[in-house]
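Q: Input structure: structure-v1.txt, which contains compact mmCIF, C-alpha atoms and all ligand atoms.
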```
# COMPACT_ATOMS: atom_id res chain seq x y z
CA MET A 1 5.53 10.47 23.82
CA ASP A 2 2.36 12.18 22.68
CA PHE A 3 1.39 12.59 19.04
CA GLU A 4 -1.58 13.08 16.75
CA PRO A 5 -2.70 9.67 15.41
CA PHE A 6 -2.87 9.35 11.64
CA GLN A 7 -6.63 8.74 11.43
CA TYR A 8 -6.77 8.70 7.66
CA MET A 9 -4.26 5.84 7.49
CA ARG A 10 -6.46 3.74 9.80
CA TYR A 11 -9.47 4.53 7.66
CA ALA A 12 -7.71 3.76 4.37
CA LYS A 13 -6.36 0.43 5.64
CA ARG A 14 -9.78 -0.65 6.85
CA LEU A 15 -11.41 0.29 3.54
CA GLU A 16 -9.00 -1.78 1.47
CA TYR A 17 -10.60 -4.89 2.94
CA ALA A 18 -14.19 -3.63 3.00
CA ASP A 19 -16.96 -4.68 0.61
CA GLY A 20 -17.98 -2.29 -2.11
CA ILE A 21 -16.58 -0.52 -5.15
CA PHE A 22 -13.21 0.78 -4.03
CA MET A 23 -12.84 4.43 -4.98
CA ALA A 24 -10.81 5.51 -1.98
CA GLY A 25 -7.28 4.61 -3.11
CA SER A 26 -4.66 6.94 -4.50
CA GLY A 27 -2.28 4.23 -5.73
CA MET A 28 -2.27 2.27 -8.97
CA SER A 29 -2.89 -1.47 -8.82
CA PRO A 30 0.29 -3.59 -8.98
CA PRO A 31 1.67 -4.14 -12.49
CA LYS A 32 1.69 -7.63 -14.02
CA PRO A 33 4.93 -9.40 -12.95
CA GLU A 34 5.95 -9.93 -16.60
CA LEU A 35 6.23 -6.16 -16.97
CA LEU A 36 9.00 -6.19 -14.38
CA THR A 37 11.20 -9.03 -15.79
CA PHE A 38 12.11 -10.49 -12.39
CA ASP A 39 15.02 -12.91 -12.26
CA PRO A 40 14.92 -15.96 -9.90
CA ASP A 41 18.10 -14.63 -8.22
CA ASP A 42 16.19 -11.50 -7.25
CA PHE A 43 14.45 -13.60 -4.62
CA SER A 44 17.66 -14.84 -3.00
CA LEU A 45 17.95 -13.86 0.64
CA THR A 46 21.73 -13.69 0.37
CA SER A 47 21.84 -11.34 -2.59
CA LEU A 48 23.85 -8.16 -2.59
CA CYS A 49 22.44 -5.31 -0.56
CA SER A 50 24.70 -2.78 1.05
CA ASN A 51 23.40 -1.80 4.47
CA TYR A 52 21.73 1.37 3.28
CA GLY A 53 20.01 -0.29 0.32
CA ASP A 54 21.08 -1.67 -3.00
CA PRO A 55 23.92 0.47 -4.43
CA ARG A 56 22.40 0.04 -7.92
CA ASN A 57 19.27 1.79 -6.68
CA VAL A 58 21.23 4.57 -5.01
CA ALA A 59 23.15 5.06 -8.28
CA TRP A 60 19.92 5.11 -10.31
CA LEU A 61 18.45 7.81 -8.08
CA ALA A 62 21.70 9.81 -7.98
CA GLU A 63 21.55 9.91 -11.76
CA LYS A 64 17.87 10.86 -11.74
CA TYR A 65 18.48 13.79 -9.38
CA LYS A 66 21.89 14.65 -10.88
CA CYS A 67 23.64 14.48 -7.50
CA GLY A 68 26.11 12.36 -5.61
CA GLY A 69 24.91 9.14 -3.96
CA GLU A 70 25.66 10.65 -0.54
CA ARG A 71 22.56 12.83 -0.99
CA ILE A 72 20.25 9.83 -1.58
CA VAL A 73 18.62 8.06 1.36
CA LEU A 74 16.58 4.91 0.75
CA SER A 75 13.63 4.23 3.04
CA ALA A 76 10.49 2.16 3.52
CA GLY A 77 8.20 4.21 1.26
CA SER A 78 7.91 7.97 1.11
CA SER A 79 6.13 7.90 4.49
CA SER A 80 9.32 6.79 6.12
CA ALA A 81 11.37 9.26 4.09
CA ASN A 82 9.08 12.05 5.31
CA TRP A 83 9.59 10.92 8.89
CA LEU A 84 13.37 10.89 8.50
CA VAL A 85 13.34 14.45 7.13
CA TYR A 86 11.11 15.73 9.93
CA ALA A 87 13.09 14.00 12.67
CA CYS A 88 16.43 15.25 11.38
CA GLN A 89 15.37 18.78 10.44
CA LEU A 90 13.10 19.79 13.32
CA SER A 91 13.50 20.15 17.08
CA PRO A 92 10.76 20.74 19.66
CA GLY A 93 9.43 24.29 19.41
CA ASP A 94 10.56 24.83 15.80
CA LYS A 95 7.95 26.12 13.40
CA VAL A 96 6.91 24.14 10.35
CA ILE A 97 4.61 25.50 7.65
CA ILE A 98 2.37 22.83 6.13
CA GLU A 99 0.14 23.20 3.08
CA THR A 100 -3.59 22.94 3.84
CA PRO A 101 -5.48 20.96 2.67
CA GLY A 102 -2.63 18.56 3.13
CA TYR A 103 -1.72 14.94 3.62
CA PRO A 104 -2.40 14.29 7.32
CA GLN A 105 0.86 12.46 7.92
CA PHE A 106 2.61 15.84 7.80
CA PHE A 107 0.60 17.10 10.79
CA SER A 108 1.09 13.90 12.79
CA LEU A 109 4.83 14.04 12.16
CA ALA A 110 4.95 17.62 13.40
CA SER A 111 3.24 16.60 16.62
CA LEU A 112 5.66 13.69 16.98
CA VAL A 113 8.72 15.94 16.89
CA GLY A 114 7.04 18.70 18.95
CA ALA A 115 7.08 21.29 16.16
CA GLU A 116 4.59 24.12 15.98
CA VAL A 117 2.41 23.99 12.83
CA LEU A 118 1.48 27.02 10.73
CA LYS A 119 -1.00 26.29 7.95
CA LEU A 120 -0.38 27.56 4.45
CA PRO A 121 -3.70 27.63 2.57
CA ARG A 122 -3.94 26.14 -0.90
CA LYS A 123 -7.30 27.55 -1.93
CA ALA A 124 -9.71 26.21 -4.54
CA GLU A 125 -10.21 29.70 -5.99
CA ASN A 126 -6.47 29.88 -6.59
CA GLY A 127 -6.32 26.50 -8.36
CA PHE A 128 -4.93 25.02 -5.11
CA LEU A 129 -1.68 26.92 -5.57
CA PRO A 130 -0.19 28.63 -2.53
CA ASP A 131 0.02 32.42 -2.40
CA VAL A 132 3.73 33.29 -2.26
CA ASP A 133 3.13 36.66 -0.60
CA GLN A 134 1.16 34.96 2.11
CA LEU A 135 3.96 32.44 2.57
CA LYS A 136 6.54 35.24 2.75
CA SER A 137 4.52 36.94 5.47
CA MET A 138 4.68 33.73 7.52
CA LEU A 139 8.42 33.15 7.13
CA ASP A 140 10.96 34.16 9.75
CA ASP A 141 14.04 32.65 11.38
CA SER A 142 12.01 30.36 13.60
CA VAL A 143 10.50 28.55 10.59
CA ARG A 144 12.74 25.57 9.90
CA MET A 145 10.72 23.84 7.19
CA VAL A 146 7.92 24.31 4.65
CA VAL A 147 6.08 21.19 3.52
CA LEU A 148 4.43 20.82 0.13
CA THR A 149 3.29 18.08 -2.21
CA ASN A 150 3.63 18.12 -5.97
CA LEU A 151 1.29 16.94 -7.35
CA HIS A 152 -0.83 18.23 -4.50
CA ASN A 153 -2.69 15.61 -2.48
CA PRO A 154 -5.72 15.86 -2.33
CA SER A 155 -6.36 18.12 -5.38
CA MET A 156 -3.56 16.80 -7.67
CA ALA A 157 -2.76 20.40 -8.66
CA PHE A 158 0.59 20.78 -10.38
CA MET A 159 2.87 23.50 -8.97
CA PRO A 160 4.46 25.39 -11.87
CA ARG A 161 8.23 25.50 -11.70
CA PRO A 162 8.55 29.33 -11.45
CA LEU A 163 6.19 29.36 -8.48
CA MET A 164 8.12 26.58 -6.76
CA GLN A 165 11.33 28.48 -7.45
CA GLN A 166 9.92 31.60 -5.75
CA ILE A 167 9.01 29.51 -2.72
CA VAL A 168 12.43 27.87 -2.54
CA ASP A 169 14.18 31.25 -2.83
CA ALA A 170 11.99 32.84 -0.15
CA CYS A 171 12.71 29.94 2.21
CA ALA A 172 16.45 30.11 1.49
CA LYS A 173 16.47 33.72 2.72
CA VAL A 174 15.38 32.62 6.21
CA GLY A 175 17.33 29.34 6.19
CA ALA A 176 14.24 27.13 5.94
CA LEU A 177 14.21 23.77 4.23
CA VAL A 178 11.51 23.05 1.64
CA LEU A 179 10.28 19.46 1.82
CA VAL A 180 8.43 18.49 -1.35
CA ASP A 181 6.73 15.10 -1.38
CA GLU A 182 6.77 14.19 -5.08
CA VAL A 183 5.13 10.79 -4.81
CA TYR A 184 2.51 11.77 -7.45
CA ILE A 185 4.67 13.82 -9.83
CA ASP A 186 5.17 11.00 -12.33
CA HIS A 187 1.48 11.21 -13.17
CA MET A 188 2.48 14.16 -15.34
CA LYS A 189 3.54 13.49 -18.92
CA PRO A 190 7.32 13.08 -19.10
CA GLY A 191 8.73 16.50 -19.94
CA ASP A 192 5.87 18.37 -18.26
CA ASP A 193 7.29 17.52 -14.84
CA TYR A 194 10.38 18.56 -12.87
CA SER A 195 11.81 17.84 -9.45
CA ALA A 196 12.00 20.65 -6.90
CA PHE A 197 15.33 19.15 -5.85
CA GLU A 198 17.05 20.95 -8.70
CA LEU A 199 15.77 24.36 -7.55
CA GLY A 200 18.02 25.00 -4.55
CA ASP A 201 20.34 23.66 -1.85
CA ASN A 202 17.58 24.04 0.73
CA VAL A 203 15.27 21.42 -0.83
CA ALA A 204 14.62 17.80 0.17
CA VAL A 205 12.28 15.71 -1.94
CA THR A 206 10.68 12.39 -1.07
CA SER A 207 9.03 9.79 -3.24
CA SER A 208 8.44 6.07 -3.75
CA LEU A 209 7.20 3.41 -6.14
CA THR A 210 3.90 3.12 -4.27
CA LYS A 211 1.51 5.44 -6.03
CA VAL A 212 2.18 5.92 -9.74
CA TYR A 213 3.81 2.50 -10.03
CA GLY A 214 1.45 0.44 -7.87
CA LEU A 215 4.33 -1.18 -5.99
CA SER A 216 3.30 -0.38 -2.43
CA GLY A 217 4.20 -3.96 -1.47
CA LEU A 218 7.89 -3.28 -2.05
CA ARG A 219 7.98 -0.37 0.38
CA PHE A 220 10.65 1.19 -1.79
CA GLY A 221 10.97 4.89 -1.09
CA TRP A 222 13.65 7.52 -0.93
CA SER A 223 14.69 11.05 -0.24
CA ALA A 224 17.11 13.28 -2.09
CA ALA A 225 18.33 15.84 0.42
CA PRO A 226 21.06 18.37 1.21
CA GLU A 227 24.20 16.46 2.14
CA ARG A 228 24.26 17.24 5.89
CA LEU A 229 20.62 16.37 6.28
CA ALA A 230 21.04 13.14 4.30
CA SER A 231 23.96 12.14 6.48
CA ARG A 232 21.91 12.82 9.62
CA MET A 233 19.09 10.70 8.19
CA LEU A 234 21.51 7.78 7.78
CA ASP A 235 22.51 8.24 11.43
CA LEU A 236 18.86 7.93 12.38
CA ILE A 237 18.40 4.87 10.18
CA ASP A 238 21.23 3.22 12.11
CA VAL A 239 19.30 3.82 15.31
CA VAL A 240 15.78 2.81 14.30
CA ASP A 241 15.80 0.46 11.30
CA PRO A 242 19.33 -0.37 10.24
CA GLU A 243 18.75 -2.49 7.10
CA LEU A 244 16.40 -2.56 4.15
CA PRO A 245 14.94 -5.86 2.87
CA THR A 246 17.24 -7.24 0.17
CA VAL A 247 14.52 -8.94 -1.86
CA ALA A 248 12.49 -5.73 -2.03
CA GLN A 249 15.61 -3.86 -3.11
CA ASN A 250 16.23 -6.36 -5.92
CA LEU A 251 12.64 -6.20 -7.13
CA ALA A 252 12.72 -2.41 -6.94
CA HIS A 253 15.86 -2.51 -9.09
CA ARG A 254 13.88 -4.32 -11.82
CA ALA A 255 11.07 -1.80 -11.46
CA LEU A 256 13.47 1.13 -11.85
CA GLU A 257 14.84 -0.49 -15.02
CA ASN A 258 11.29 -0.67 -16.40
CA LEU A 259 10.00 2.61 -15.07
CA PRO A 260 9.14 4.35 -18.36
CA ARG A 261 6.82 1.51 -19.38
CA LEU A 262 5.11 1.50 -15.99
CA ARG A 263 4.78 5.27 -16.04
CA ALA A 264 3.04 5.20 -19.42
CA HIS A 265 0.57 2.72 -17.96
CA ALA A 266 -0.49 5.16 -15.23
CA ARG A 267 -0.88 8.00 -17.72
CA ARG A 268 -3.03 5.83 -20.01
CA LEU A 269 -5.31 4.97 -17.12
CA HIS A 270 -5.83 8.66 -16.31
CA GLU A 271 -6.51 9.47 -19.97
CA GLN A 272 -8.94 6.60 -20.31
CA ASN A 273 -10.88 7.17 -17.08
CA TRP A 274 -10.85 10.91 -16.51
CA PRO A 275 -13.37 11.55 -19.35
CA VAL A 276 -15.75 9.06 -17.69
CA VAL A 277 -15.47 10.98 -14.41
CA ARG A 278 -15.79 14.35 -16.18
CA GLU A 279 -18.92 13.18 -17.98
CA TRP A 280 -20.47 12.22 -14.65
CA LEU A 281 -19.41 15.51 -13.04
CA ASP A 282 -21.00 17.42 -15.94
CA THR A 283 -24.36 15.91 -15.01
CA ARG A 284 -23.93 17.27 -11.47
CA PRO A 285 -23.45 21.02 -11.59
CA GLU A 286 -23.86 21.20 -7.81
CA LEU A 287 -20.39 19.66 -7.41
CA ALA A 288 -17.37 21.89 -7.81
CA PRO A 289 -14.44 19.73 -8.93
CA PHE A 290 -10.81 20.51 -9.55
CA ASN A 291 -9.68 19.15 -12.93
CA PRO A 292 -6.50 17.18 -12.20
CA PRO A 293 -3.68 17.40 -14.77
CA GLY A 294 -2.96 13.74 -14.10
CA GLY A 295 -3.43 11.09 -11.46
CA ILE A 296 -6.25 8.79 -10.50
CA THR A 297 -8.19 10.84 -7.95
CA VAL A 298 -10.54 13.79 -8.16
CA TRP A 299 -11.25 16.26 -5.35
CA PHE A 300 -14.55 18.10 -5.26
CA ASP A 301 -16.67 20.36 -3.12
CA LEU A 302 -20.24 19.20 -2.41
CA LYS A 303 -21.63 22.70 -2.30
CA GLY A 304 -24.24 22.93 0.47
CA ILE A 305 -22.94 19.97 2.46
CA ASP A 306 -20.28 20.87 4.99
CA GLU A 307 -19.47 17.56 6.58
CA THR A 308 -18.71 14.49 4.54
CA GLY A 309 -17.76 11.92 7.18
CA ASN A 310 -21.36 10.76 7.50
CA LEU A 311 -21.86 10.94 3.75
CA ALA A 312 -18.91 8.56 3.26
CA THR A 313 -20.53 6.17 5.75
CA VAL A 314 -23.82 6.31 3.82
CA CYS A 315 -21.86 5.66 0.60
CA ARG A 316 -20.26 2.62 2.12
CA ASN A 317 -23.10 1.10 4.15
CA ASP A 318 -26.09 1.84 1.93
CA TYR A 319 -24.62 2.16 -1.57
CA GLY A 320 -21.51 -0.06 -1.55
CA VAL A 321 -19.07 2.58 -2.73
CA LEU A 322 -15.93 3.58 -0.85
CA VAL A 323 -14.65 7.18 -0.96
CA VAL A 324 -12.52 9.47 1.23
CA PRO A 325 -14.28 12.22 3.22
CA GLY A 326 -12.65 15.64 3.08
CA GLU A 327 -12.36 15.82 6.87
CA TYR A 328 -9.21 13.70 6.60
CA PHE A 329 -7.73 16.55 4.57
CA GLN A 330 -8.97 19.30 6.91
CA SER A 331 -11.84 20.00 4.46
CA GLY A 332 -15.31 18.98 5.59
CA GLY A 333 -17.73 19.15 2.67
CA TRP A 334 -15.24 17.78 0.15
CA LEU A 335 -14.70 14.26 -1.18
CA ARG A 336 -11.69 12.58 -2.75
CA VAL A 337 -12.77 9.95 -5.24
CA GLY A 338 -10.40 7.52 -6.94
CA TYR A 339 -10.93 6.38 -10.51
CA LYS A 340 -8.37 3.70 -11.18
CA ILE A 341 -10.97 0.95 -11.66
CA GLU A 342 -11.99 -0.24 -15.12
CA PRO A 343 -14.60 1.94 -16.88
CA VAL A 344 -17.70 -0.28 -16.45
CA THR A 345 -17.20 -0.53 -12.68
CA LEU A 346 -16.21 3.14 -12.58
CA ARG A 347 -19.54 4.15 -14.14
CA GLN A 348 -21.34 1.92 -11.67
CA GLY A 349 -19.39 3.41 -8.74
CA LEU A 350 -20.13 6.97 -9.83
CA GLU A 351 -23.78 6.17 -10.30
CA ARG A 352 -23.91 4.77 -6.74
CA LEU A 353 -22.06 7.79 -5.43
CA GLY A 354 -24.55 10.11 -7.13
CA ARG A 355 -27.47 8.30 -5.52
CA ALA A 356 -25.78 8.40 -2.12
CA ILE A 357 -25.21 12.16 -2.43
CA ASP A 358 -28.86 12.74 -3.43
CA ASP A 359 -30.07 10.59 -0.57
CA PHE A 360 -27.80 12.39 1.91
CA ARG A 361 -28.76 15.83 0.61
CA SER A 362 -32.48 15.03 0.92
CA HIS A 363 -31.99 14.50 4.66
CA HIS A 364 -29.91 17.67 5.28
C1 LIG B 401 1.57 12.74 -0.25
C2 LIG B 401 1.78 11.31 0.15
N1 LIG B 401 2.99 10.92 0.58
C3 LIG B 401 3.23 9.65 0.94
C4 LIG B 401 2.23 8.69 0.89
C5 LIG B 401 2.54 7.30 1.31
O1 LIG B 401 3.40 6.73 0.37
P1 LIG B 401 4.30 5.48 0.63
O2 LIG B 401 3.46 4.26 0.41
O3 LIG B 401 5.40 5.61 -0.35
O4 LIG B 401 4.81 5.52 2.03
C6 LIG B 401 0.95 9.06 0.48
C7 LIG B 401 -0.15 8.07 0.48
O5 LIG B 401 -1.30 8.33 0.28
C8 LIG B 401 0.72 10.39 0.08
O6 LIG B 401 -0.48 10.78 -0.34
```
What does the file become when written as C-alpha cells?
Ligand SMILES: Cc1ncc(COP(=O)(O)O)c(C=O)c1O

A:
Amino acid sequence: MDFEPFQYMRYAKRLEYADGIFMAGSGMSPPKPELLTFDPDDFSLTSLCSNYGDPRNVAWLAEKYKCGGERIVLSAGSSSANWLVYACQLSPGDKVIIETPGYPQFFSLASLVGAEVLKLPRKAENGFLPDVDQLKSMLDDSVRMVVLTNLHNPSMAFMPRPLMQQIVDACAKVGALVLVDEVYIDHMKPGDDYSAFELGDNVAVTSSLTKVYGLSGLRFGWSAAPERLASRMLDLIDVVDPELPTVAQNLAHRALENLPRLRAHARRLHEQNWPVVREWLDTRPELAPFNPPGGITVWFDLKGIDETGNLATVCRNDYGVLVVPGEYFQSGGWLRVGYKIEPVTLRQGLERLGRAIDDFRSHH
C-alpha cells in the first residue's frame, strides 16, 4: 500500500520535545484536573463502556447535533474520525476536493484510499474563504467528497453559515458529501458558531477534545454523519480497532459535563494574547497576517521570502523559537505561529522570531 506520509505530523511531534519557546502547537495546554471533577471510579478498568464508546458520550453528542445516536461515531481523535469518513466514503479513482491551504492529513488520506485530489483554493485576498462559483465549476458526478475545516487551519478563518449552506447545497446536487472538520470551531464565542451538520443530509462533521479543550491525551474524537455512512464507519471500526479505552471515555464524560467552563478558558486566552501578537505584527509591516476571529495561532505571509522551511530551522537552531513553516500547508513563504503561552514568554518568543526573520532576510 502506497501513501503520502504525513510529514507535518512527524515535524510537530519532534518539536514538542525540542528545546526552545514552543510556538508551533495548535492545541491548548491540558486543563487543571480540578476543572474536570474526576471521580476515582472513572479510573476503573471494569467501568461501563459499550463497545462503540460510552453511551453517555454518544447521548451527549446526539443532543449536541440534534440527531439520533446512530449518526454518532466515536473515534480516537478527529484524525481517526477523518480517516473513517474517507475510508467509508471514497473508493480508488473517486475525486475528492480539498481546501488549499489545508491540513495535510486530508491529502495523505486521499492517497491512502487512492482518490484523486482536486484543490479548492482558499485565498488570502478573499479572507481565506472559498469561491463558491469556482467550487461549482469543479463539481460533477465523479466528485464524491469536498473537505473543509471550520475554523480553517491554518488561517483560522470562520466560514459564514450562508456560504457553507451554498457549498452544501451545491454538493447535494451532484451527490457529494461535505466533510467539515470542526475541531477549532469552539474557539468562536458561543452563539457566533454553528455546526455544518445541521445544513444538510450530505454533511459529515468531525471534531475532538484535543484542540480547544487541551485534552489530546484522551484521544476522544467523533463524527456526526449521515446514517448509512455512520453505520459503515462502525463496520470499519469492528475491523480495525474494535474498542475504545474505557478510562478515556469516562474522563471524556467529565470533560463534556464541564465543557462550557473549559471553552471560556480558551476564549480568554485568545483575548488576552492576541493583542500582544497584534502589537508585534504592527511593528512589522512587511508581514501580511490574517486576523483570526478566535484560536491560538496566527498565519502570515513573509512578503519577499518564498520558502520558510529553512527559516523555521534558523528560528529553532539559532534563536530558540519553534514555529511551523508554511510548506506543511502547501504555502512556502508563510508561517503559522502559536500564541498559547503566557504573555511574558510570548513577547520573548515574538522578539526572537523577529530577529530570526531579520537575520534570514539579510541573507536572501
Ligand atoms: C484540522 C485538524 N483536524 C484534526 C487534527 C488532529 O486532531 P486530533 O488530535 O483530534 O486527532 C488537527 C491537528 O492539528 C487539525 O488541525

Q: Calculated over all atoms listed in the file, which of the candidates A:Ala252, A:Tyr319, A:Pro154, A:Lys64 has the smallest distance to A:Val337?

A: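 Ranked by minimum distance to A:Val337, first place goes to A:Pro154.
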
Q: Compare A:Phe329, A:Lys119, A:Asp192, A:Glu70 by their minimum atom-to-atom distance to A:Phe6, counting all atoms listed in the file, and give me the closest one.

A: A:Phe329

Q: So which residues fall inside 6 Å of (15.4, 14.5, -6.2) if we count all atoms listed in the file? Mind giving them as a PyMOL selection string?

A: chain A and resi 65+195+197+205+224

Q: Using C-alpha atoms, can you export the residues from the last selection as a tab-separated table (two decimals), keeping the file's coordinate frame?

A:
```tsv
chain	number	residue	atom	x	y	z
A	65	TYR	CA	18.48	13.79	-9.38
A	195	SER	CA	11.81	17.84	-9.45
A	197	PHE	CA	15.33	19.15	-5.85
A	205	VAL	CA	12.28	15.71	-1.94
A	224	ALA	CA	17.11	13.28	-2.09
```

Q: From the list A:Asp169, A:Pro101, A:Gly114, A:Asp140, which residue is nearest A:Gly332 when using only C-alpha atoms?

A: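 Going through A:Asp169, A:Pro101, A:Gly114, A:Asp140 one by one, the smallest distance to A:Gly332 is for A:Pro101.
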
Q: Please indicate the distance in Å from atom CA of A:Asn273 to atom CA of A:Pro292, rounded to one decimal place.

A: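 Computing it gives 12.0 Å between the two atoms.
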
Q: Quick one: residues within 9 Å of A:Ser207, all atoms listed in the file, excluding same-chain residues fewer than 5 positions away - as a compact mmCIF listing (two decimals) with C-alpha atoms, in the frame of the given file?

A:
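See out.txt below for the written result:
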```txt
# COMPACT_ATOMS: atom_id res chain seq x y z
CA GLY A 77 8.20 4.21 1.26
CA SER A 78 7.91 7.97 1.11
CA SER A 79 6.13 7.90 4.49
CA ALA A 81 11.37 9.26 4.09
CA ASN A 82 9.08 12.05 5.31
CA VAL A 180 8.43 18.49 -1.35
CA ASP A 181 6.73 15.10 -1.38
CA GLU A 182 6.77 14.19 -5.08
CA VAL A 183 5.13 10.79 -4.81
CA TYR A 184 2.51 11.77 -7.45
CA ILE A 185 4.67 13.82 -9.83
CA PHE A 220 10.65 1.19 -1.79
CA GLY A 221 10.97 4.89 -1.09
CA TRP A 222 13.65 7.52 -0.93
CA SER A 223 14.69 11.05 -0.24
CA ALA A 224 17.11 13.28 -2.09
```

Q: Report the distance between atom CA of A:Ile21 and atom CA of A:Leu350 in Å, rounded to one decimal place.

A: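 Atom-to-atom, atom CA of A:Ile21 and atom CA of A:Leu350 are spaced 9.5 Å apart.
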
Q: Find the residues around A:Asp201 up to 12 Å (all atoms listed in the file counted), leave out those fewer than 3 positions away in its own chain, and share them as an mmCIF file with C-alpha atoms, keeping the file's coordinate frame.

A:
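Output below, filename result-v7.cif:
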```cif
data_model
loop_
_atom_site.group_PDB
_atom_site.id
_atom_site.type_symbol
_atom_site.label_atom_id
_atom_site.label_comp_id
_atom_site.auth_asym_id
_atom_site.auth_seq_id
_atom_site.Cartn_x
_atom_site.Cartn_y
_atom_site.Cartn_z
ATOM 1 C CA CYS A 67 23.640 14.480 -7.500
ATOM 2 C CA ARG A 71 22.560 12.830 -0.990
ATOM 3 C CA GLN A 165 11.330 28.480 -7.450
ATOM 4 C CA VAL A 168 12.430 27.870 -2.540
ATOM 5 C CA ASP A 169 14.180 31.250 -2.830
ATOM 6 C CA CYS A 171 12.710 29.940 2.210
ATOM 7 C CA ALA A 172 16.450 30.110 1.490
ATOM 8 C CA LYS A 173 16.470 33.720 2.720
ATOM 9 C CA GLY A 175 17.330 29.340 6.190
ATOM 10 C CA ALA A 176 14.240 27.130 5.940
ATOM 11 C CA LEU A 177 14.210 23.770 4.230
ATOM 12 C CA VAL A 178 11.510 23.050 1.640
ATOM 13 C CA LEU A 179 10.280 19.460 1.820
ATOM 14 C CA ALA A 196 12.000 20.650 -6.900
ATOM 15 C CA PHE A 197 15.330 19.150 -5.850
ATOM 16 C CA GLU A 198 17.050 20.950 -8.700
ATOM 17 C CA ALA A 204 14.620 17.800 0.170
ATOM 18 C CA VAL A 205 12.280 15.710 -1.940
ATOM 19 C CA ALA A 224 17.110 13.280 -2.090
ATOM 20 C CA ALA A 225 18.330 15.840 0.420
ATOM 21 C CA PRO A 226 21.060 18.370 1.210
ATOM 22 C CA GLU A 227 24.200 16.460 2.140
ATOM 23 C CA ARG A 228 24.260 17.240 5.890
ATOM 24 C CA LEU A 229 20.620 16.370 6.280
#
```

Q: How many Å lie between atom CA of A:Arg316 and atom CA of A:Arg352, rounded to one decimal?

A: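 Separation between atom CA of A:Arg316 and atom CA of A:Arg352: 9.8 Å.
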
Q: Please provide the set of residues having any atom within 7 Å of A:Val113, restricted to all atoms listed in the file, with same-chain residues fewer than 6 positions apart removed, written as JSON, numbers by chain.

A: {"A": [87, 90, 91, 92]}

Q: Env of A:Gly25: 12 Å cut, atoms = all atoms listed in the file, seq-sep filter 6 positions within chain, self excluded. Answer as a PyMOL selection string.

A: chain A and resi 8-9+11-17+153-154+210-212+214+216+295-298+321-324+336-341

Q: Taking only C-alpha atoms into account, name the residue in A:Pro242, A:Gly53, A:Gly320, A:Gly304 that is nearest to A:Asp358.

A: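 Checking each of A:Pro242, A:Gly53, A:Gly320, A:Gly304 against A:Asp358, counting only C-alpha atoms, the winner is A:Gly304.
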
Q: Counting only C-alpha atoms, which of A:Gly294, A:Gly217, A:Pro33, A:Pro190 gets nearest to A:Phe158?

A: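 Closest to A:Phe158, using only C-alpha atoms: A:Gly294.
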
Q: Which is closer to A:Ala264 than all the others in A:Leu139, A:Met188, A:Ala59, A:Leu163, using all atoms listed in the file?

A: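 Closest to A:Ala264, using all atoms listed in the file: A:Met188.
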
Q: Is it possible to get the axis-aligned box enclosing stretch 145-155 of chain A (all listed atoms, 4 Å extra per side) as AutoDock Vina command-line options, with centre and edge lengths in Å rounded to one decimal?

A:
```
--center_x 2.2 --center_y 20.0 --center_z -0.1 --size_x 25.1 --size_y 16.7 --size_z 22.5
```

Q: Do a neighbour search on A:Ser80 at 12 Å with all atoms listed in the file, toss out local chain neighbours closer than 3 positions, and write the hits as JSON, numbers by chain.

A: {"A": [73, 74, 75, 76, 77, 83, 84, 85, 86, 87, 105, 106, 109, 181, 206, 207, 208, 219, 220, 221, 222, 223, 233, 236, 237, 240, 241, 244]}

Q: Please, which residues are within 10 Å of (-22.0, 12.3, 1.2) by the file's coordinates, counting only C-alpha atoms, and could they come as a ChimeraX atom specification?

A: /A:302,305-316,323-325,333-335,353-361

Q: What would stretch 282-292 of chain A look like with N, CA and C atoms in place, written as a compact mmCIF listing (two decimals), keeping the file's coordinate frame?

A:
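New file rebuild_5.txt:
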```
# COMPACT_ATOMS: atom_id res chain seq x y z
N ASP A 282 -20.22 16.46 -15.14
CA ASP A 282 -21.00 17.42 -15.94
C ASP A 282 -22.50 17.28 -15.70
N THR A 283 -22.93 16.09 -15.29
CA THR A 283 -24.36 15.91 -15.01
C THR A 283 -24.71 16.40 -13.61
N ARG A 284 -23.70 16.86 -12.87
CA ARG A 284 -23.93 17.27 -11.47
C ARG A 284 -23.33 18.65 -11.21
N PRO A 285 -24.01 19.67 -11.72
CA PRO A 285 -23.45 21.02 -11.59
C PRO A 285 -23.33 21.48 -10.14
N GLU A 286 -23.96 20.77 -9.22
CA GLU A 286 -23.86 21.20 -7.81
C GLU A 286 -22.51 20.82 -7.21
N LEU A 287 -21.72 20.03 -7.92
CA LEU A 287 -20.39 19.66 -7.41
C LEU A 287 -19.36 20.58 -8.05
N ALA A 288 -18.40 21.00 -7.27
CA ALA A 288 -17.37 21.89 -7.81
C ALA A 288 -16.02 21.16 -7.79
N PRO A 289 -15.67 20.53 -8.91
CA PRO A 289 -14.44 19.73 -8.93
C PRO A 289 -13.22 20.52 -9.35
N PHE A 290 -12.06 20.00 -9.00
CA PHE A 290 -10.81 20.51 -9.55
C PHE A 290 -10.36 19.52 -10.63
N ASN A 291 -10.09 20.03 -11.82
CA ASN A 291 -9.68 19.15 -12.93
C ASN A 291 -8.21 18.77 -12.77
N PRO A 292 -7.91 17.52 -12.44
CA PRO A 292 -6.50 17.18 -12.20
C PRO A 292 -5.73 17.05 -13.51
```
